[in-house]
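input_33.csv (CSV, C-alpha atoms and all ligand atoms) appears below.
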chain,number,residue,atom,x,y,z
A,13,MET,CA,224.0,71.8,-108.5
A,14,ARG,CA,224.3,68.0,-108.0
A,15,VAL,CA,220.9,66.4,-108.4
A,16,LEU,CA,219.6,62.8,-107.9
A,17,ILE,CA,216.2,61.8,-109.3
A,18,THR,CA,214.3,58.7,-108.1
A,19,GLY,CA,211.7,57.1,-110.3
A,20,ALA,CA,213.7,58.3,-113.3
A,21,GLY,CA,212.1,55.8,-115.6
A,22,GLY,CA,208.6,57.1,-115.0
A,23,GLN,CA,206.7,59.7,-117.1
A,24,LEU,CA,207.7,62.6,-114.8
A,25,GLY,CA,211.1,61.2,-114.0
A,26,HIS,CA,211.9,61.2,-117.7
A,27,ASP,CA,211.2,64.9,-118.1
A,28,LEU,CA,212.9,65.7,-114.8
A,29,LEU,CA,216.1,64.3,-116.3
A,30,ALA,CA,215.7,66.8,-119.2
A,31,ALA,CA,214.7,69.7,-117.0
A,32,PHE,CA,217.8,69.2,-114.8
A,33,GLY,CA,220.0,68.5,-117.9
A,34,ASP,CA,222.2,71.6,-117.3
A,35,ASP,CA,222.9,70.4,-113.8
A,36,ASP,CA,225.1,67.6,-112.6
A,37,CYS,CA,222.2,65.2,-112.6
A,38,ALA,CA,221.8,61.5,-112.2
A,39,GLY,CA,218.6,59.5,-112.4
A,40,LEU,CA,217.8,56.1,-110.9
A,41,GLY,CA,215.0,54.0,-112.3
A,42,HIS,CA,213.1,51.3,-110.3
A,43,ALA,CA,215.6,48.6,-111.4
A,44,GLU,CA,218.6,50.6,-110.1
A,45,LEU,CA,217.0,51.8,-106.8
A,46,ASP,CA,214.0,50.3,-104.9
A,47,VAL,CA,213.0,53.2,-102.7
A,48,SER,CA,211.4,50.8,-100.2
A,49,ASP,CA,214.9,49.4,-99.4
A,50,GLU,CA,216.2,51.8,-96.7
A,51,ALA,CA,219.9,50.6,-96.9
A,52,SER,CA,219.9,51.0,-100.7
A,53,VAL,CA,218.4,54.5,-100.5
A,54,VAL,CA,220.9,55.6,-97.9
A,55,ALA,CA,223.8,54.2,-100.0
A,56,ALA,CA,222.6,55.7,-103.2
A,57,VAL,CA,222.2,59.2,-101.8
A,58,ARG,CA,225.5,59.0,-99.9
A,59,ASP,CA,227.3,57.8,-103.1
A,60,HIS,CA,225.8,60.5,-105.4
A,61,ALA,CA,226.3,63.2,-102.7
A,62,PRO,CA,223.6,65.4,-104.3
A,63,ASP,CA,222.6,68.9,-103.2
A,64,LEU,CA,219.0,68.0,-104.1
A,65,VAL,CA,217.0,64.7,-104.5
A,66,VAL,CA,213.9,64.9,-106.6
A,67,HIS,CA,211.8,62.0,-105.4
A,68,ALA,CA,209.4,61.0,-108.2
A,69,ALA,CA,209.3,57.3,-107.6
A,70,ALA,CA,205.9,56.1,-106.4
A,71,PHE,CA,203.3,53.3,-106.7
A,72,THR,CA,201.0,55.3,-108.8
A,73,LYS,CA,198.4,52.7,-109.8
A,74,VAL,CA,195.5,54.2,-107.9
A,75,ASP,CA,193.2,51.2,-108.2
A,76,ALA,CA,196.0,48.6,-107.5
A,77,CYS,CA,196.8,50.5,-104.3
A,78,GLU,CA,193.4,49.3,-102.9
A,79,ALA,CA,194.2,45.7,-103.6
A,80,GLU,CA,197.9,46.0,-102.5
A,81,PRO,CA,197.9,48.4,-99.5
A,82,ASP,CA,201.1,47.0,-98.2
A,83,VAL,CA,202.9,47.9,-101.4
A,84,ALA,CA,201.3,51.4,-101.3
A,85,TRP,CA,202.5,52.0,-97.7
A,86,ARG,CA,206.0,50.5,-98.4
A,87,VAL,CA,206.7,52.5,-101.5
A,88,ASN,CA,204.8,55.8,-101.0
A,89,ALA,CA,205.0,56.3,-97.3
A,90,LEU,CA,208.1,54.4,-96.1
A,91,GLY,CA,210.0,54.9,-99.3
A,92,SER,CA,209.6,58.6,-99.0
A,93,TRP,CA,210.6,58.5,-95.4
A,94,TRP,CA,213.8,56.6,-96.4
A,95,VAL,CA,214.6,59.2,-99.0
A,96,ALA,CA,214.0,62.1,-96.5
A,97,ARG,CA,216.2,60.3,-93.9
A,98,ALA,CA,219.0,59.7,-96.5
A,99,CYS,CA,218.8,63.4,-97.5
A,100,ALA,CA,219.1,64.4,-93.8
A,101,LEU,CA,222.2,62.3,-93.4
A,102,ALA,CA,223.7,63.6,-96.7
A,103,ASP,CA,222.7,67.2,-96.0
A,104,ALA,CA,220.6,67.4,-99.2
A,105,ALA,CA,217.4,69.1,-99.9
A,106,MET,CA,214.4,67.1,-101.3
A,107,VAL,CA,211.5,67.5,-103.6
A,108,TYR,CA,208.6,65.1,-102.8
A,109,VAL,CA,206.1,64.9,-105.6
A,110,SER,CA,202.6,64.4,-104.2
A,111,THR,CA,199.1,64.4,-105.4
A,112,ASP,CA,195.7,66.1,-105.5
A,113,TYR,CA,194.4,62.8,-104.1
A,114,VAL,CA,195.4,63.8,-100.6
A,115,PHE,CA,192.1,65.8,-100.7
A,116,ASP,CA,188.6,64.5,-100.5
A,117,GLY,CA,187.2,66.7,-103.2
A,118,LEU,CA,184.4,68.2,-101.1
A,119,LEU,CA,185.7,71.7,-100.6
A,120,GLY,CA,183.9,73.2,-103.6
A,121,ARG,CA,186.8,75.6,-104.5
A,122,PRO,CA,190.4,75.0,-105.5
A,123,TYR,CA,192.5,73.7,-102.7
A,124,THR,CA,195.3,75.9,-101.3
A,125,SER,CA,198.5,74.4,-99.9
A,126,PHE,CA,197.0,75.2,-96.4
A,127,ASP,CA,193.7,73.4,-96.7
A,128,PRO,CA,193.3,70.3,-94.6
A,129,THR,CA,193.9,67.0,-96.3
A,130,ASN,CA,191.5,64.1,-96.1
A,131,PRO,CA,192.4,61.3,-98.6
A,132,VAL,CA,189.6,59.0,-99.7
A,133,SER,CA,191.8,56.2,-101.3
A,134,MET,CA,194.7,54.0,-100.2
A,135,TYR,CA,196.9,55.7,-102.8
A,136,GLY,CA,195.9,59.1,-101.3
A,137,ARG,CA,196.5,57.9,-97.8
A,138,SER,CA,199.9,56.5,-98.5
A,139,LYS,CA,201.0,59.6,-100.4
A,140,GLU,CA,199.7,61.8,-97.6
A,141,ALA,CA,201.6,59.7,-95.1
A,142,GLY,CA,204.7,60.2,-97.3
A,143,GLU,CA,204.2,64.0,-97.0
A,144,GLN,CA,204.0,63.8,-93.2
A,145,LEU,CA,207.1,61.7,-92.9
A,146,VAL,CA,209.0,64.0,-95.2
A,147,ARG,CA,207.9,67.1,-93.2
A,148,GLN,CA,208.9,65.5,-89.9
A,149,THR,CA,212.2,64.3,-91.1
A,150,LEU,CA,213.7,67.0,-93.3
A,151,ALA,CA,213.4,70.8,-92.9
A,152,ARG,CA,214.7,71.4,-96.4
A,153,HIS,CA,211.8,69.9,-98.3
A,154,TYR,CA,209.6,71.0,-101.1
A,155,ILE,CA,206.4,69.0,-101.3
A,156,VAL,CA,204.9,69.5,-104.8
A,157,ARG,CA,201.3,68.4,-105.2
A,158,THR,CA,200.2,68.0,-108.8
A,159,SER,CA,197.4,66.3,-110.6
A,160,TRP,CA,196.3,64.3,-113.7
A,161,VAL,CA,199.9,63.9,-114.9
A,162,GLN,CA,200.4,63.4,-118.7
A,163,GLY,CA,203.7,63.0,-120.6
A,164,ALA,CA,205.1,61.5,-123.7
A,165,HIS,CA,206.9,58.7,-121.8
A,166,GLY,CA,204.7,56.2,-119.8
A,167,GLY,CA,201.1,55.4,-119.5
A,168,ASN,CA,198.5,58.1,-119.0
A,169,PHE,CA,194.9,59.2,-119.8
A,170,VAL,CA,195.9,60.9,-123.1
A,171,LYS,CA,197.6,57.8,-124.4
A,172,THR,CA,194.7,55.6,-123.3
A,173,MET,CA,192.2,57.8,-125.0
A,174,LEU,CA,194.2,57.9,-128.2
A,175,ARG,CA,194.3,54.1,-128.2
A,176,LEU,CA,190.7,53.6,-127.4
A,177,GLY,CA,189.6,56.2,-129.9
A,178,ARG,CA,191.3,54.2,-132.6
A,179,GLU,CA,190.0,50.9,-131.4
A,180,ARG,CA,186.4,51.7,-130.7
A,181,ASP,CA,183.5,53.7,-132.2
A,182,ALA,CA,182.0,54.8,-128.9
A,183,LEU,CA,183.1,55.1,-125.3
A,184,SER,CA,181.9,56.5,-122.0
A,185,VAL,CA,184.0,58.7,-119.8
A,186,VAL,CA,183.4,60.0,-116.2
A,187,ASP,CA,182.0,63.5,-116.1
A,188,ASP,CA,181.7,64.0,-112.3
A,189,GLN,CA,185.3,64.3,-111.4
A,190,THR,CA,187.0,67.7,-112.0
A,191,GLY,CA,190.8,68.4,-111.9
A,192,SER,CA,193.6,70.0,-113.8
A,193,PRO,CA,195.5,68.0,-116.4
A,194,THR,CA,199.2,68.6,-115.9
A,195,PHE,CA,201.9,68.0,-118.4
A,196,THR,CA,205.4,66.7,-117.5
A,197,PHE,CA,207.2,69.0,-120.0
A,198,ASP,CA,205.7,72.0,-118.0
A,199,LEU,CA,205.8,70.5,-114.5
A,200,ALA,CA,209.4,69.3,-114.6
A,201,PRO,CA,211.0,72.7,-115.4
A,202,ALA,CA,208.7,74.3,-112.8
A,203,ILE,CA,209.9,71.9,-110.2
A,204,ARG,CA,213.5,72.9,-111.0
A,205,ARG,CA,212.6,76.6,-110.7
A,206,LEU,CA,210.9,76.0,-107.4
A,207,ALA,CA,213.8,73.9,-106.1
A,208,VAL,CA,216.3,76.7,-106.5
A,209,THR,CA,214.3,79.3,-104.5
A,210,GLY,CA,215.3,78.0,-101.1
A,211,ARG,CA,211.6,78.6,-100.0
A,212,HIS,CA,210.9,75.2,-98.5
A,213,GLY,CA,207.3,74.2,-98.1
A,214,THR,CA,204.2,72.7,-99.6
A,215,TYR,CA,203.3,73.8,-103.1
A,216,HIS,CA,200.7,73.1,-105.7
A,217,LEU,CA,201.9,73.0,-109.3
A,218,THR,CA,199.4,72.2,-112.1
A,219,ASN,CA,198.6,73.5,-115.5
A,220,ARG,CA,196.1,76.3,-115.6
A,221,GLY,CA,192.4,75.6,-115.9
A,222,HIS,CA,190.3,72.5,-115.2
A,223,CYS,CA,187.9,70.0,-116.7
A,224,THR,CA,186.2,66.7,-116.2
A,225,TRP,CA,187.7,63.5,-117.6
A,226,PHE,CA,184.9,63.6,-120.1
A,227,GLU,CA,185.8,67.1,-121.2
A,228,PHE,CA,189.4,66.1,-121.3
A,229,ALA,CA,188.7,63.0,-123.5
A,230,ARG,CA,186.7,65.2,-125.9
A,231,ALA,CA,189.6,67.6,-126.1
A,232,VAL,CA,192.0,64.8,-126.8
A,233,PHE,CA,189.9,63.5,-129.7
A,234,SER,CA,189.5,67.0,-131.0
A,235,GLU,CA,193.2,67.7,-131.0
A,236,ALA,CA,194.0,64.3,-132.6
A,237,GLY,CA,191.2,64.6,-135.2
A,238,ILE,CA,189.7,61.2,-134.1
A,239,ALA,CA,185.9,60.8,-134.7
A,240,VAL,CA,184.5,58.8,-131.8
A,241,ASP,CA,181.2,58.9,-130.0
A,242,VAL,CA,182.1,59.9,-126.4
A,243,SER,CA,179.3,60.0,-123.8
A,244,PRO,CA,179.4,61.1,-120.2
A,245,THR,CA,179.1,58.7,-117.4
A,246,ASP,CA,179.4,59.0,-113.6
A,247,THR,CA,181.8,57.6,-111.1
A,248,ALA,CA,179.3,55.1,-109.6
A,249,THR,CA,178.4,53.7,-113.0
A,250,PHE,CA,182.1,53.5,-114.0
A,251,GLY,CA,182.8,51.6,-110.8
A,252,ALA,CA,186.5,51.9,-110.4
A,253,PRO,CA,187.8,50.1,-107.3
A,254,ALA,CA,189.4,53.2,-105.7
A,255,PRO,CA,187.3,56.2,-104.6
A,256,ARG,CA,188.4,59.5,-106.1
A,257,PRO,CA,187.8,63.1,-105.2
A,258,SER,CA,185.1,64.7,-107.2
A,259,TYR,CA,186.7,68.2,-107.3
A,260,SER,CA,190.5,68.3,-106.8
A,261,VAL,CA,191.5,71.5,-108.5
A,262,LEU,CA,194.7,72.9,-106.9
A,263,ASP,CA,195.3,76.6,-106.2
A,264,ASN,CA,198.8,77.4,-107.4
A,265,ARG,CA,199.1,80.8,-105.7
A,266,LEU,CA,201.9,79.9,-103.2
A,267,ALA,CA,204.1,79.1,-106.1
A,268,GLY,CA,203.3,82.5,-107.6
A,269,MET,CA,204.1,84.2,-104.3
A,270,VAL,CA,207.7,82.8,-104.5
A,271,GLY,CA,208.1,84.1,-108.1
A,272,LEU,CA,207.1,81.2,-110.3
A,273,GLN,CA,205.2,81.9,-113.5
A,274,PRO,CA,201.9,80.0,-113.9
A,275,LEU,CA,202.1,76.9,-116.0
A,276,PRO,CA,200.4,77.1,-119.4
A,277,PRO,CA,196.7,76.4,-119.8
A,278,TRP,CA,196.1,72.6,-120.0
A,279,ARG,CA,194.5,72.9,-123.4
A,280,THR,CA,197.6,74.5,-124.9
A,281,SER,CA,199.9,71.8,-123.5
A,282,LEU,CA,197.5,69.1,-124.6
A,283,LYS,CA,197.9,70.3,-128.1
A,284,ARG,CA,201.6,70.1,-127.8
A,285,LEU,CA,201.5,66.6,-126.3
A,286,VAL,CA,199.2,65.2,-129.0
A,287,ALA,CA,201.5,66.7,-131.6
A,288,GLU,CA,204.5,65.1,-130.0
A,289,LEU,CA,202.8,61.7,-129.8
A,290,GLY,CA,202.0,62.0,-133.5
B,301,LIG,N1,200.2,60.1,-112.7
B,301,LIG,C1,199.5,61.0,-112.1
B,301,LIG,O1,198.4,61.3,-112.6
B,301,LIG,C2,199.9,61.7,-110.9
B,301,LIG,C3,199.1,62.6,-110.3
B,301,LIG,C4,199.5,63.3,-109.2
B,301,LIG,C5,200.7,63.0,-108.6
B,301,LIG,N2,201.5,62.1,-109.2
B,301,LIG,C6,202.8,61.8,-108.6
B,301,LIG,O2,203.8,62.2,-109.5
B,301,LIG,C7,205.0,61.4,-109.3
B,301,LIG,C8,205.4,60.8,-110.7
B,301,LIG,O3,204.4,60.0,-111.2
B,301,LIG,P1,204.4,59.5,-112.7
B,301,LIG,O4,203.1,60.0,-113.3
B,301,LIG,O5,205.6,59.9,-113.4
B,301,LIG,O6,204.2,58.0,-112.4
B,301,LIG,P2,204.9,56.8,-113.1
B,301,LIG,O7,205.1,57.0,-114.6
B,301,LIG,O8,204.2,55.6,-112.6
B,301,LIG,O9,206.4,56.8,-112.5
B,301,LIG,C9,206.7,56.3,-111.2
B,301,LIG,C10,207.9,55.5,-111.2
B,301,LIG,O10,208.2,55.0,-109.9
B,301,LIG,C11,208.7,53.7,-110.1
B,301,LIG,N3,208.6,52.9,-108.9
B,301,LIG,C12,207.5,52.2,-108.4
B,301,LIG,N4,207.8,51.6,-107.3
B,301,LIG,C13,209.1,51.9,-107.0
B,301,LIG,C14,210.0,51.5,-106.0
B,301,LIG,N5,209.7,50.7,-105.0
B,301,LIG,N6,211.3,52.0,-106.1
B,301,LIG,C15,211.7,52.8,-107.1
B,301,LIG,N7,210.9,53.2,-108.1
B,301,LIG,C16,209.6,52.7,-108.0
B,301,LIG,C17,207.9,53.1,-111.2
B,301,LIG,O11,208.5,52.0,-111.8
B,301,LIG,P3,207.7,50.7,-112.3
B,301,LIG,O12,206.9,51.3,-113.4
B,301,LIG,O13,208.8,49.8,-112.6
B,301,LIG,O14,206.8,50.3,-111.1
B,301,LIG,C18,207.8,54.3,-112.2
B,301,LIG,O15,208.9,54.3,-113.1
B,301,LIG,C19,204.6,60.3,-108.3
B,301,LIG,O16,205.1,60.7,-107.0
B,301,LIG,C20,203.1,60.4,-108.3
B,301,LIG,O17,202.6,60.0,-107.0
B,301,LIG,C21,201.2,61.4,-110.3
I'd like the structure from this file rewritten - as structure tokens, please.
Ligand SMILES: NC(=O)c1ccc[n+]([C@@H]2O[C@H](COP(=O)([O-])OP(=O)(O)OC[C@H]3O[C@@H](n4cnc5c(N)ncnc54)[C@H](OP(=O)(O)O)[C@@H]3O)[C@@H](O)[C@H]2O)c1
Amino acid sequence: MRVLITGAGGQLGHDLLAAFGDDDCAGLGHAELDVSDEASVVAAVRDHAPDLVVHAAAFTKVDACEAEPDVAWRVNALGSWWVARACALADAAMVYVSTDYVFDGLLGRPYTSFDPTNPVSMYGRSKEAGEQLVRQTLARHYIVRTSWVQGAHGGNFVKTMLRLGRERDALSVVDDQTGSPTFTFDLAPAIRRLAVTGRHGTYHLTNRGHCTWFEFARAVFSEAGIAVDVSPTDTATFGAPAPRPSYSVLDNRLAGMVGLQPLPPWRTSLKRLVAELG
């Protein structure tokens, strides 16, 4: 299978390159391909002639999306449209990596692939627009919503906590947002397994279990053996620019129905990531 990965320099992109390592796989980082440039996207997909494009490039800075909505729309919505159009022209299938932030967090139970979306942030709105444009443009799509992504390469919550835990004696972490931390070394191979099923559609892929950011931080410090005084705070007090869903746990059952094994419990994979980061 010939595979092309966008956003190959990102934390998921890095592990996607490894997961598709036995395939005829190429990865393009931001410097090699700006997905918001339609002509470049069409040319890249035409030249690589892939069977599958895994579109992992995105403007992922959730708070910056509020300040720079034009960039969010251009990259997350239009860029995904260009990739889908290029795939249609080249007769390729596509994986679009999306997010739990397409939901408002008010449902009170894990979201299935069929629950209505209602994003509360610019990031979520632009990613949801990307989903719609992909669905409308290319039948052979897999939309993979995931959450709270953590990997060895790139910035993420685990790395931030490890740094802050070493710099500070005490810190406060939000305790009123619940989600499922998901690890790129589990997610990337799961995306590959899904992408060879031929069962196109919208899937949720996250590690098993859930926690709040506060609980997640405590687990990070426990795994790393860092003694730091962590106290819970709430979203309003923390005051981040972008609103976030309070409960965005994703129900992975559709992936199970097409034969995928569940991803490991988040705590197991956190242990592995902390060990890898040393
Ligand atoms: N991180 C999370 O918690 C999370 C949660 C749910 C879903 N997701 C989704 O998972 C996917 C992978 O995210 P990630 O965590 O791996 O994020 P990441 O590390 O930020 O990777 C995204 C990559 O996209 C690149 N990029 C940004 N604008 C681009 C453009 N115009 N053209 C081409 N590349 C561009 C970035 O390059 P620069 O660094 O140079 O800008 C970066 O290398 C994304 O679709 C994201 O929306 C992430």
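Interatomic distance, atom C1 of ligand LIG 301 (chain B) to atom CA of A:Thr72: 6.8 Å.
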- Message: What does the list of residues within 9 Å of ligand LIG 301 (chain B) look like if you count only C-alpha atoms and all ligand atoms, written as a PyMOL selection string?
- Response: chain A and resi 18-27+40-49+67-74+83-84+86-88+91+108-113+135-136+139+156-163+165-169+193-194+196
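Within 12 Å of the point (214.3, 71.7, -93.9) in file coordinates, and counting all atoms listed in the file, lie the residues A:Leu64, A:Ala96, A:Arg97, A:Cys99, A:Ala100, A:Asp103, A:Ala104, A:Ala105, A:Met106, A:Val107, A:Val146, A:Arg147, A:Gln148, A:Thr149, A:Leu150, A:Ala151, A:Arg152, A:His153, A:Tyr154, A:Ile155, A:Gly210, A:Arg211, A:His212, A:Gly213, A:Thr214.
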- Message: Please report the interatomic distance between atom CA of A:Ser281 and atom CA of A:Met13 in Å with one decimal.
- Response: 28.4 Å
Write out as a Markdown table the residues of stretch 78-138 of chain A that have any atom within 7 Å of an atom of stretch 52-60 of chain A, one row each with the nearest atom pair and its distance in Å to one decimal, counting only C-alpha atoms, sorted by chain and then rising number.
| residue | atom | partner | partner_atom | distance |
| --- | --- | --- | --- | --- |
| A:Trp94 | CA | A:Val53 | CA | 6.5 |
| A:Val95 | CA | A:Val53 | CA | 6.2 |
| A:Ala98 | CA | A:Val54 | CA | 4.7 |
| A:Cys99 | CA | A:Val57 | CA | 6.9 |
| A:Ala102 | CA | A:Arg58 | CA | 5.9 |
